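File shown: final_4.txt. Contents: compact mmCIF, C-alpha atoms and all ligand atoms.
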# COMPACT_ATOMS: atom_id res chain seq x y z
CA MET J 1 4.27 23.46 3.86
CA GLY J 2 2.80 21.06 1.34
CA LEU J 3 4.21 20.38 -2.07
CA PHE J 4 1.42 22.39 -3.63
CA ASN J 5 2.64 25.58 -1.98
CA LYS J 6 6.24 24.68 -2.50
CA ILE J 7 5.88 24.37 -6.25
CA LYS J 8 3.82 27.52 -6.30
CA ASN J 9 6.57 29.39 -4.50
CA MET J 10 9.28 27.92 -6.68
CA PHE J 11 7.77 29.17 -9.88
CA LYS J 12 5.82 32.20 -8.85
CA SER J 13 8.38 33.88 -6.65
CA ASP J 14 11.84 35.01 -7.58
CA THR J 15 13.71 32.25 -5.78
CA THR J 16 15.77 30.02 -7.98
CA PHE J 17 14.49 26.55 -8.44
CA GLU J 18 17.14 24.74 -10.41
CA GLU J 19 18.50 23.23 -7.23
CA ASP J 20 15.09 22.26 -5.93
CA VAL J 21 14.42 20.24 -9.00
CA ASP J 22 17.65 18.31 -8.58
CA ASP J 23 17.20 17.86 -4.92
CA VAL J 24 13.85 16.17 -5.05
CA LYS J 25 15.29 13.76 -7.51
CA GLU J 26 18.34 13.05 -5.40
CA THR J 27 16.48 12.48 -2.16
CA GLU J 28 14.16 9.88 -3.55
CA GLU J 29 14.56 6.19 -3.09
CA PHE J 30 13.15 4.25 -5.89
CA ASP J 31 11.39 0.98 -6.12
CA SER J 32 11.71 -0.89 -9.35
CA SER J 33 9.72 -4.01 -8.71
CA GLU J 34 6.78 -2.95 -10.82
CA GLU J 35 6.44 -4.42 -14.25
CA ALA J 36 3.67 -4.14 -16.75
CA ASP J 37 2.68 -7.70 -17.39
CA GLU J 38 0.17 -7.23 -20.12
CA THR J 39 1.08 -8.11 -23.63
CA VAL J 40 -0.19 -6.02 -26.47
CA ASP J 41 -0.16 -6.84 -30.09
CA LEU J 42 1.95 -4.23 -31.81
CA ASP J 43 0.36 -4.84 -35.17
CA SER J 44 -3.06 -4.03 -33.83
CA CYS J 45 -1.69 -0.89 -32.16
CA ILE J 46 -0.26 0.26 -35.43
CA GLU J 47 -3.35 -0.58 -37.38
CA GLU J 48 -6.01 0.81 -35.08
CA LYS J 49 -4.69 4.14 -34.08
CA GLY J 50 -7.86 5.37 -32.47
CA THR J 51 -8.62 2.39 -30.31
CA ASP J 52 -8.51 2.92 -26.62
CA LYS J 53 -7.32 -0.10 -24.78
CA VAL J 54 -7.14 0.12 -21.07
CA SER J 55 -6.19 -2.98 -19.22
CA SER J 56 -3.32 -3.59 -16.98
CA ASP J 57 -3.16 -5.83 -13.99
CA ASP J 58 -0.30 -4.03 -12.44
CA ASN J 59 -0.30 -4.75 -8.81
CA LEU J 60 0.17 -1.35 -7.35
CA GLU J 61 2.27 -1.24 -4.29
CA GLU J 62 1.89 0.75 -1.20
CA LYS J 63 3.53 4.09 -1.77
CA SER J 64 5.15 5.48 1.25
CA ILE J 65 7.01 8.63 0.47
CA SER J 66 6.86 11.44 2.86
CA ILE J 67 6.73 14.64 0.92
CA SER J 68 7.23 16.68 4.04
CA GLU J 69 10.51 14.90 4.62
CA ILE J 70 11.66 15.66 1.13
CA SER J 71 10.65 19.24 1.65
CA LYS J 72 12.58 19.50 4.88
CA ASP J 73 15.65 17.99 3.36
CA LYS J 74 15.40 20.23 0.37
CA LYS J 75 15.07 23.30 2.51
CA LYS J 76 18.21 22.38 4.39
CA ARG J 77 20.18 21.86 1.21
CA LYS J 78 18.77 24.97 -0.31
CA LYS J 79 19.93 27.02 2.63
CA SER J 80 23.46 25.74 2.49
CA LYS J 81 23.56 26.08 -1.26
CA LYS J 82 22.25 29.58 -1.09
CA SER J 83 24.97 30.71 1.27
CA GLU J 84 27.56 29.38 -1.13
CA LYS J 85 25.96 30.95 -4.10
CA ILE J 86 27.99 33.23 -6.24
CA HIS J 87 25.94 35.39 -8.52
CA SER J 88 27.69 34.80 -11.78
CA ASP J 89 26.52 35.82 -15.23
CA ASN J 90 26.27 32.21 -16.07
CA HIS J 91 23.82 31.69 -13.28
CA SER J 92 21.52 34.48 -14.36
CA SER J 93 21.52 33.22 -17.92
CA ASN J 94 20.58 29.76 -16.63
CA LYS J 95 17.79 31.43 -14.81
CA GLU J 96 16.59 33.02 -18.02
CA VAL J 97 16.62 29.64 -19.75
CA GLU J 98 14.62 28.16 -16.89
CA LYS J 99 12.11 30.99 -17.00
CA GLN J 100 11.70 30.45 -20.70
CA SER J 101 11.22 26.76 -20.14
CA VAL J 102 8.51 27.36 -17.52
CA LYS J 103 6.74 29.58 -20.07
CA VAL J 104 6.79 26.82 -22.68
CA TYR J 105 5.27 24.46 -20.11
CA GLU J 106 2.58 26.97 -19.18
CA LYS J 107 1.65 27.61 -22.77
CA GLY J 108 1.86 24.01 -23.95
CA LEU J 109 -0.31 22.72 -21.13
CA THR J 110 -3.06 25.30 -21.62
CA LYS J 111 -5.53 22.79 -23.04
CA SER J 112 -4.98 20.31 -20.25
CA ARG J 113 -5.19 23.03 -17.69
CA GLN J 114 -8.44 24.30 -19.09
CA GLY J 115 -9.91 20.84 -19.43
CA PHE J 116 -8.87 18.77 -16.50
CA VAL J 117 -7.94 21.42 -13.97
CA SER J 118 -10.96 23.63 -14.45
CA LYS J 119 -13.13 20.57 -13.88
CA LEU J 120 -11.27 19.99 -10.68
CA ALA J 121 -11.86 23.58 -9.61
CA ASN J 122 -15.57 23.24 -10.40
CA LEU J 123 -15.74 20.12 -8.33
CA THR J 124 -14.19 21.93 -5.41
CA ASN J 125 -16.79 24.68 -5.71
CA LYS J 126 -19.68 22.29 -6.14
CA TYR J 127 -19.16 20.32 -2.94
CA SER J 128 -18.90 21.87 0.46
CA LYS J 129 -17.96 18.52 2.01
CA VAL J 130 -15.88 15.61 0.82
CA THR J 131 -18.45 12.89 0.15
CA ASP J 132 -18.67 9.62 -1.78
CA GLU J 133 -20.24 11.54 -4.65
CA TYR J 134 -17.30 13.88 -4.60
CA PHE J 135 -14.89 10.97 -4.94
CA GLU J 136 -16.92 9.44 -7.74
CA GLU J 137 -16.82 12.66 -9.72
CA LEU J 138 -13.16 13.11 -9.02
CA GLU J 139 -12.48 9.59 -10.28
CA GLU J 140 -14.32 10.38 -13.48
CA ILE J 141 -12.39 13.59 -14.04
CA LEU J 142 -9.07 11.84 -13.58
CA ILE J 143 -9.99 9.00 -15.94
CA MET J 144 -11.11 11.54 -18.54
CA ALA J 145 -7.68 13.16 -18.22
CA ASP J 146 -6.13 9.91 -19.42
CA ILE J 147 -4.42 9.13 -16.20
CA GLY J 148 -5.25 5.45 -16.57
CA ILE J 149 -7.79 3.44 -14.63
CA ASN J 150 -5.42 1.54 -12.37
CA THR J 151 -3.55 4.66 -11.48
CA VAL J 152 -6.76 6.47 -10.72
CA MET J 153 -8.13 3.67 -8.54
CA ASP J 154 -4.95 3.53 -6.56
CA PHE J 155 -4.87 7.30 -6.33
CA ILE J 156 -8.47 7.51 -5.04
CA ASP J 157 -7.77 4.82 -2.45
CA ARG J 158 -4.81 6.73 -1.15
CA LEU J 159 -6.76 9.94 -1.14
CA ARG J 160 -9.64 8.39 0.83
CA ASP J 161 -7.09 7.05 3.24
CA ARG J 162 -5.56 10.43 3.81
CA VAL J 163 -8.96 12.05 4.18
CA ARG J 164 -9.83 9.57 6.90
CA LYS J 165 -6.50 9.74 8.71
CA GLU J 166 -6.11 13.49 8.52
CA GLY J 167 -9.75 14.23 9.20
CA ILE J 168 -10.17 16.35 6.07
CA THR J 169 -13.69 17.51 5.34
CA SER J 170 -13.31 20.42 2.96
CA PRO J 171 -12.72 19.88 -0.77
CA ASP J 172 -10.68 23.04 -0.72
CA ASP J 173 -8.10 21.43 1.58
CA LEU J 174 -8.15 18.29 -0.51
CA LYS J 175 -7.18 20.21 -3.63
CA GLU J 176 -3.63 20.57 -2.39
CA ILE J 177 -3.40 16.96 -1.37
CA ILE J 178 -4.49 15.94 -4.86
CA VAL J 179 -1.52 17.77 -6.30
CA ASP J 180 0.78 16.17 -3.72
CA GLU J 181 -0.50 12.71 -4.54
CA LEU J 182 -0.17 13.20 -8.29
CA PHE J 183 3.43 14.14 -7.70
CA ILE J 184 3.94 11.02 -5.60
CA ILE J 185 2.63 8.83 -8.43
CA TYR J 186 5.39 10.16 -10.57
CA VAL J 187 8.37 10.33 -8.27
CA ASN J 188 7.84 7.20 -6.22
CA ASP J 189 9.62 4.87 -8.56
CA GLU J 190 13.02 3.99 -9.83
CA VAL J 191 12.98 5.75 -13.11
CA LEU J 192 13.04 9.39 -12.36
CA SER J 193 16.11 10.26 -14.32
CA ASN J 194 15.22 12.43 -17.25
CA ARG J 195 18.87 12.73 -18.15
CA ILE J 196 20.23 11.49 -21.42
CA ASN J 197 23.06 8.97 -21.17
CA TYR J 198 26.10 10.33 -22.91
CA ASN J 199 28.70 8.00 -24.25
CA ASP J 200 32.18 9.13 -23.26
CA ASN J 201 33.90 6.75 -25.63
CA GLY J 202 32.45 7.69 -28.93
CA PRO J 203 29.59 9.45 -30.49
CA THR J 204 26.43 9.31 -28.40
CA VAL J 205 24.00 7.47 -30.64
CA ILE J 206 20.30 7.95 -29.96
CA LEU J 207 17.73 5.82 -31.76
CA PHE J 208 14.19 7.14 -32.20
CA ILE J 209 11.43 4.61 -32.58
CA GLY J 210 7.65 4.76 -32.68
CA VAL J 211 4.74 4.41 -35.08
CA ASN J 212 4.20 6.74 -38.02
CA GLY J 213 3.09 10.28 -37.38
CA VAL J 214 3.86 10.43 -33.66
CA GLY J 215 6.55 13.07 -34.20
CA LYS J 216 9.88 11.24 -34.43
CA THR J 217 11.38 13.37 -37.17
CA THR J 218 10.14 16.61 -35.64
CA THR J 219 11.50 15.61 -32.24
CA ILE J 220 14.89 14.84 -33.76
CA GLY J 221 14.94 18.28 -35.38
CA LYS J 222 14.05 19.99 -32.11
CA LEU J 223 16.53 17.94 -30.11
CA ALA J 224 19.28 18.60 -32.65
CA ASN J 225 18.63 22.27 -32.16
CA LYS J 226 18.92 21.89 -28.38
CA PHE J 227 22.18 19.94 -28.58
CA ARG J 228 23.65 22.36 -31.07
CA ASP J 229 22.80 25.25 -28.73
CA GLU J 230 24.75 23.39 -26.06
CA GLY J 231 27.78 23.37 -28.34
CA LYS J 232 27.59 19.75 -29.44
CA ARG J 233 28.29 18.60 -32.99
CA VAL J 234 25.16 16.81 -34.16
CA LEU J 235 24.60 14.43 -37.06
CA LEU J 236 21.11 13.38 -38.14
CA VAL J 237 20.85 9.94 -39.75
CA GLY J 238 17.81 9.19 -41.88
CA ALA J 239 17.17 5.46 -41.58
CA ASP J 240 13.43 5.72 -42.19
CA THR J 241 14.01 4.48 -45.68
CA PHE J 242 10.59 2.93 -46.26
CA ARG J 243 8.50 6.00 -46.71
CA ALA J 244 9.02 8.31 -49.64
CA GLY J 245 9.97 11.74 -48.44
CA ALA J 246 10.87 10.68 -44.91
CA VAL J 247 14.61 11.03 -45.45
CA ASN J 248 14.11 14.40 -47.08
CA GLN J 249 12.02 15.66 -44.21
CA LEU J 250 14.94 14.93 -41.90
CA ARG J 251 17.36 16.62 -44.29
CA GLU J 252 15.19 19.73 -44.18
CA TRP J 253 15.36 19.75 -40.41
CA SER J 254 19.15 19.42 -40.53
CA GLU J 255 19.24 22.52 -42.72
CA LYS J 256 16.78 24.41 -40.57
CA VAL J 257 18.73 23.87 -37.36
CA ASP J 258 22.13 23.80 -39.03
CA VAL J 259 23.49 20.38 -38.13
CA GLY J 260 25.05 17.51 -40.12
CA PHE J 261 23.04 15.02 -42.13
CA PHE J 262 23.39 11.56 -43.59
CA GLY J 263 20.65 9.56 -45.28
CA LYS J 264 19.81 7.42 -48.27
CA GLU J 265 16.39 6.56 -49.58
CA GLU J 266 15.46 3.02 -50.54
CA SER J 267 18.36 1.38 -48.79
CA ASP J 268 18.63 -1.08 -45.99
CA PRO J 269 18.12 0.94 -42.76
CA ALA J 270 20.91 -0.87 -40.94
CA SER J 271 23.37 -0.07 -43.72
CA VAL J 272 22.39 3.60 -43.55
CA VAL J 273 23.01 3.49 -39.81
CA TYR J 274 26.39 1.89 -40.47
CA ASP J 275 27.47 4.55 -42.95
CA GLY J 276 26.09 7.30 -40.76
CA VAL J 277 27.94 6.21 -37.63
CA VAL J 278 31.16 5.72 -39.58
CA LYS J 279 30.80 9.27 -40.86
CA ALA J 280 30.14 10.52 -37.32
CA LYS J 281 33.32 8.88 -36.08
CA GLU J 282 35.45 10.12 -38.96
CA GLU J 283 34.16 13.64 -38.68
CA ASN J 284 34.10 13.77 -34.87
CA TYR J 285 30.42 14.29 -34.27
CA ASP J 286 29.36 14.21 -30.62
CA VAL J 287 25.76 13.13 -31.03
CA VAL J 288 24.09 10.99 -33.69
CA LEU J 289 20.29 11.09 -33.87
CA VAL J 290 18.86 8.17 -35.86
CA ASP J 291 15.39 8.42 -37.40
CA THR J 292 13.83 4.99 -37.97
CA ALA J 293 10.80 3.64 -39.80
CA GLY J 294 7.61 3.68 -37.80
CA ARG J 295 6.04 0.78 -39.49
CA LEU J 296 7.21 -2.51 -40.80
CA GLN J 297 4.84 -5.22 -41.92
CA ASN J 298 4.80 -6.84 -38.52
CA LYS J 299 6.28 -7.02 -35.09
CA VAL J 300 8.84 -9.68 -35.96
CA ASN J 301 10.23 -7.64 -38.83
CA LEU J 302 10.40 -4.55 -36.71
CA MET J 303 12.19 -6.42 -33.96
CA LYS J 304 14.69 -7.86 -36.43
CA GLU J 305 15.34 -4.49 -37.98
CA LEU J 306 15.97 -2.88 -34.61
CA GLU J 307 18.25 -5.75 -33.63
CA LYS J 308 20.20 -5.29 -36.83
CA MET J 309 20.64 -1.57 -36.26
CA ASN J 310 21.73 -2.16 -32.68
CA LYS J 311 24.25 -4.76 -33.79
CA VAL J 312 25.72 -2.32 -36.29
CA ILE J 313 26.01 0.38 -33.63
CA ASP J 314 27.47 -2.10 -31.10
CA GLY J 315 30.17 -2.94 -33.64
CA LEU J 316 31.13 0.68 -34.19
CA VAL J 317 30.70 2.37 -30.83
CA ASP J 318 31.84 1.15 -27.42
CA GLY J 319 28.73 0.54 -25.36
CA GLY J 320 26.43 0.70 -28.38
CA ALA J 321 23.47 3.04 -28.65
CA ALA J 322 23.34 5.36 -25.65
CA GLU J 323 19.57 5.71 -25.76
CA THR J 324 16.56 4.24 -27.52
CA LEU J 325 13.78 6.78 -27.22
CA LEU J 326 10.23 5.74 -27.94
CA VAL J 327 8.12 8.58 -29.28
CA ILE J 328 4.44 8.62 -28.30
CA ASP J 329 1.73 11.03 -29.41
CA ALA J 330 -0.12 12.30 -26.31
CA THR J 331 -3.29 12.92 -28.30
CA THR J 332 -3.72 9.18 -28.91
CA GLY J 333 -4.32 8.60 -25.22
CA GLN J 334 -4.41 5.03 -24.02
CA ASN J 335 -3.45 3.80 -27.46
CA GLY J 336 -0.09 5.42 -26.92
CA ILE J 337 0.28 3.39 -23.73
CA SER J 338 -0.47 0.22 -25.67
CA GLN J 339 2.18 1.15 -28.21
CA ALA J 340 4.70 1.63 -25.44
CA LYS J 341 3.92 -1.77 -23.98
CA ALA J 342 4.25 -3.39 -27.38
CA PHE J 343 7.56 -1.72 -28.19
CA LYS J 344 8.86 -2.56 -24.75
CA GLU J 345 8.46 -6.22 -25.62
CA ILE J 346 10.54 -6.05 -28.74
CA THR J 347 13.38 -3.75 -27.78
CA ASN J 348 15.06 -2.11 -24.85
CA ILE J 349 13.57 1.37 -24.49
CA THR J 350 15.53 3.78 -22.32
CA GLY J 351 13.17 6.72 -22.42
CA ILE J 352 9.97 8.16 -23.78
CA VAL J 353 9.33 11.32 -25.70
CA LEU J 354 5.73 12.40 -25.31
CA THR J 355 4.77 14.70 -28.17
CA LYS J 356 1.78 16.96 -28.86
CA LEU J 357 0.94 17.59 -25.22
CA ASP J 358 -0.12 21.02 -26.43
CA GLY J 359 -2.80 19.36 -28.56
CA THR J 360 -4.58 17.46 -25.84
CA ALA J 361 -6.67 18.34 -22.82
CA LYS J 362 -5.62 15.02 -21.33
CA GLY J 363 -2.19 15.82 -20.00
CA GLY J 364 -2.62 13.11 -17.39
CA ILE J 365 -1.11 10.61 -19.79
CA VAL J 366 2.33 11.49 -18.41
CA LEU J 367 1.33 9.87 -15.13
CA ALA J 368 -0.23 6.87 -16.84
CA ILE J 369 2.99 6.17 -18.72
CA LYS J 370 4.94 6.28 -15.55
CA GLU J 371 2.60 3.96 -13.72
CA SER J 372 1.90 1.41 -16.42
CA ILE J 373 5.15 1.30 -18.40
CA GLY J 374 7.79 2.22 -15.86
CA ILE J 375 9.95 3.99 -18.41
CA PRO J 376 10.91 7.61 -17.77
CA VAL J 377 9.50 10.37 -19.92
CA LYS J 378 12.66 12.22 -20.92
CA TYR J 379 11.28 14.88 -23.22
CA ILE J 380 7.91 16.35 -23.99
CA GLY J 381 6.74 18.11 -27.13
CA LEU J 382 4.67 21.19 -26.44
CA GLY J 383 4.32 22.59 -29.94
CA GLU J 384 5.64 22.42 -33.47
CA THR J 385 8.53 24.84 -33.44
CA LYS J 386 12.14 23.97 -32.76
CA ASP J 387 11.94 25.50 -29.27
CA ASP J 388 8.94 23.48 -28.16
CA LEU J 389 10.79 20.42 -26.96
CA GLN J 390 11.45 20.40 -23.24
CA VAL J 391 13.28 18.09 -20.89
CA PHE J 392 10.49 16.53 -18.88
CA ASP J 393 10.35 17.96 -15.41
CA ILE J 394 7.58 16.86 -13.08
CA GLU J 395 7.59 20.05 -11.06
CA LYS J 396 7.25 22.33 -14.06
CA TYR J 397 4.63 19.98 -15.42
CA ILE J 398 2.58 20.13 -12.25
CA TYR J 399 2.98 23.87 -12.16
CA GLY J 400 1.92 24.13 -15.81
CA LEU J 401 -1.17 22.07 -15.04
CA PHE J 402 -2.25 23.60 -11.78
CA LYS J 403 -0.98 27.15 -11.93
CA ASP J 404 -4.49 28.60 -12.02
CA MET J 405 -5.33 26.75 -8.84
CA MET J 406 -2.21 27.95 -7.08
N1 LIG O 1 1.30 20.38 -31.93
C1 LIG O 1 2.36 19.57 -32.03
N2 LIG O 1 2.62 18.94 -33.19
C2 LIG O 1 3.70 18.12 -33.26
C3 LIG O 1 4.55 17.91 -32.15
N3 LIG O 1 5.52 17.04 -32.53
C4 LIG O 1 5.27 16.72 -33.82
N4 LIG O 1 4.18 17.37 -34.29
C5 LIG O 1 3.57 17.27 -35.62
O1 LIG O 1 3.18 15.93 -35.88
C6 LIG O 1 3.27 15.64 -37.27
C7 LIG O 1 4.02 14.35 -37.52
O2 LIG O 1 5.37 14.52 -37.12
P1 LIG O 1 6.59 13.70 -37.73
O3 LIG O 1 7.80 14.19 -37.04
O4 LIG O 1 6.59 13.75 -39.21
O5 LIG O 1 6.24 12.20 -37.25
P2 LIG O 1 7.01 10.83 -37.56
O6 LIG O 1 6.22 10.13 -38.61
O7 LIG O 1 6.97 10.06 -36.28
O8 LIG O 1 8.39 11.17 -37.98
C8 LIG O 1 3.92 16.86 -37.90
O9 LIG O 1 2.94 17.65 -38.50
C9 LIG O 1 4.53 17.61 -36.72
O10 LIG O 1 4.63 18.99 -36.93
C10 LIG O 1 4.23 18.60 -30.90
O11 LIG O 1 4.88 18.47 -29.86
N5 LIG O 1 3.14 19.42 -30.92
MG MG O 2 9.36 10.70 -39.72
With the file now loaded, output its structure as structure tokens.
Amino acid sequence: MGLFNKIKNMFKSDTTFEEDVDDVKETEEFDSSEEADETVDLDSCIEEKGTDKVSSDDNLEEKSISISEISKDKKKRKKSKKSEKIHSDNHSSNKEVEKQSVKVYEKGLTKSRQGFVSKLANLTNKYSKVTDEYFEELEEILIMADIGINTVMDFIDRLRDRVRKEGITSPDDLKEIIVDELFIIYVNDEVLSNRINYNDNGPTVILFIGVNGVGKTTTIGKLANKFRDEGKRVLLVGADTFRAGAVNQLREWSEKVDVGFFGKEESDPASVVYDGVVKAKEENYDVVLVDTAGRLQNKVNLMKELEKMNKVIDGLVDGGAAETLLVIDATTGQNGISQAKAFKEITNITGIVLTKLDGTAKGGIVLAIKESIGIPVKYIGLGETKDDLQVFDIEKYIYGLFKDMM
């Protein structure tokens, strides 16, 4: 059974899928040799928000995962896990949470599904045979979905290859292989872990960076809510001290989701971080979420400021900041990719939060980030409420995108 049907069964039937999700991730071997080698001027990214810049010379390697092997392995594990399974209350409540999460994915990806996936369905209906014209149209659809030109070219090559080797002639059969191959783009790499690093030795400090308006403050509010639900003590630190009102906006979120707050307007961001982390240690907070300024006059200043903050955190917490999450607005398309490349040059990013996926029909950007930046998407924003932040999960994402085709 192909991945297409597997995912369909996971989410449409009553079988539990928590273990499947983990298993795929565990059985993968990752290859980390890919590096984006293009340099992007951060200042121009910040200035020209609407500009689409697509150019990356990434040399894409031969991907050689066998999905059927993963499937087999997963089935085996699933069987043995199932026999051990005790139906506890805890388990059924997990199941509820998962169901809820799948719903948020379905709803948040409606635009992408209607845009990109309905085009794909039309294409399948239009052609009775897989032809060159079919591939050309498919290529166009994928590029329009913001998947990224290099990724698409590589994808089409692999698809043509499979069509030839497997003797596929019907677009209807190819539909499932397209889903398989999109999944491969995402999982066949080193950085699949969507897990947050927790610091066992002190508060877990998470820095949020990214240009203005991408959704940093909102994401912090949503994430604080998530952590608090998990029983963690959360402190929000407002170090976006450059913009009037920015600190207040974070304070409002802290009130809304009922977590701690520290912030000072018109102060040195690093000194706010210092005071905030000291407070977190004194008052035994588990997680510290730091909101930073999206824009400094130039790249050098931004780099220095981030260095300063990191130094402060290094001095207070063993192991320093646990995560630096770059927030990107999915509706800005390839410009978001350019931002990621630029930020990657000036600081060590451990994960990406992709916001506003609900506001774009081009949900393919998730795959482009993976392919051109090589940094894992850890969370995605699928709406404006506190419940609309989800841990990024490729299987739920693919289901959310293709559920009408399944
Ligand atoms: N639809 C949608 N809007 C979002 C999402 N995340 C953030 N926003 C909105 O984007 C705008 C800017 O967010 P904000 O957190 O202030 O951005 P910041 O400047 O990076 O801190 C606000 O109006 C948010 O409500 C999302 O996932 N979906
Ligand atoms: Mg903000």
Separation of CA of Leu138 (chain J) from CA of Val163 (chain J) in Å: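 Rounded to one decimal, the two atoms are 13.9 Å apart.
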Test item: residues no farther than 6 Å from ligand LIG 1 (chain O), counting all atoms listed in the file, as a PyMOL selection string: chain J and resi 212-218+355-356+358-359+381-384
So that I have them on file, write out the residues from the current selection with C-alpha atoms, as a PDB file, in the coordinates of the input.
ATOM      1  CA  ASN J 212       4.200   6.740 -38.020  1.00  0.00           C
ATOM      2  CA  GLY J 213       3.090  10.280 -37.380  1.00  0.00           C
ATOM      3  CA  VAL J 214       3.860  10.430 -33.660  1.00  0.00           C
ATOM      4  CA  GLY J 215       6.550  13.070 -34.200  1.00  0.00           C
ATOM      5  CA  LYS J 216       9.880  11.240 -34.430  1.00  0.00           C
ATOM      6  CA  THR J 217      11.380  13.370 -37.170  1.00  0.00           C
ATOM      7  CA  THR J 218      10.140  16.610 -35.640  1.00  0.00           C
ATOM      8  CA  THR J 355       4.770  14.700 -28.170  1.00  0.00           C
ATOM      9  CA  LYS J 356       1.780  16.960 -28.860  1.00  0.00           C
ATOM     10  CA  ASP J 358      -0.120  21.020 -26.430  1.00  0.00           C
ATOM     11  CA  GLY J 359      -2.800  19.360 -28.560  1.00  0.00           C
ATOM     12  CA  GLY J 381       6.740  18.110 -27.130  1.00  0.00           C
ATOM     13  CA  LEU J 382       4.670  21.190 -26.440  1.00  0.00           C
ATOM     14  CA  GLY J 383       4.320  22.590 -29.940  1.00  0.00           C
ATOM     15  CA  GLU J 384       5.640  22.420 -33.470  1.00  0.00           C
TER      16      GLU J 384
END
Spatial neighbours of Val102 (chain J), max dist 7 Å, all atoms listed in the file, sep filter under 4 positions, as a list of chain:residue names: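 Counting all atoms listed in the file, the residues come to J:Glu98, J:Glu106, J:Lys396.
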Emit the selected residues as an mmCIF file, keeping the file's coordinate frame, including C-alpha atoms.
data_model
loop_
_atom_site.group_PDB
_atom_site.id
_atom_site.type_symbol
_atom_site.label_atom_id
_atom_site.label_comp_id
_atom_site.auth_asym_id
_atom_site.auth_seq_id
_atom_site.Cartn_x
_atom_site.Cartn_y
_atom_site.Cartn_z
ATOM 1 C CA GLU J 98 14.620 28.160 -16.890
ATOM 2 C CA GLU J 106 2.580 26.970 -19.180
ATOM 3 C CA LYS J 396 7.250 22.330 -14.060
#
Separation of CA of Val152 (chain J) from CA of Ile328 (chain J), in Å and rounded to one decimal: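 Value for the CA of Val152 (chain J)-CA of Ile328 (chain J) distance: 21.0 Å.
In this comparison, which uses all atoms listed in the file, the residue of J:Ile394, J:Ile373, J:Val312, J:Ile220 approaching ligand MG 2 (chain O) most closely is J:Ile220.
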Expected selection as a VMD selection string for ligand MG 2 (chain O) within 12 Å, all atoms listed in the file: chain J and resid 208 to 221 237 to 253 290 to 295 327
Two-atom distance - CA of Ile196 (chain J), CA of Gly263 (chain J) (Å):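 Here the two named atoms are 23.9 Å from each other.
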Distance criterion (only C-alpha atoms): nearest to Lys222 (chain J) out of J:Lys370, J:Tyr399, J:Ile184, J:Val353: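 Among J:Lys370, J:Tyr399, J:Ile184, J:Val353, it is J:Val353 that comes nearest to Lys222 (chain J).
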Neighbours of point (-11.7, 17.1, 0.2) within 6 Å, using all atoms listed in the file, written as a ChimeraX atom specification: /J:130,169-171,173-174
Which of J:Asp286, J:Glu307, J:Asp258, J:Glu395 sits closest to Ala270 (chain J) [using all atoms listed in the file]: J:Glu307
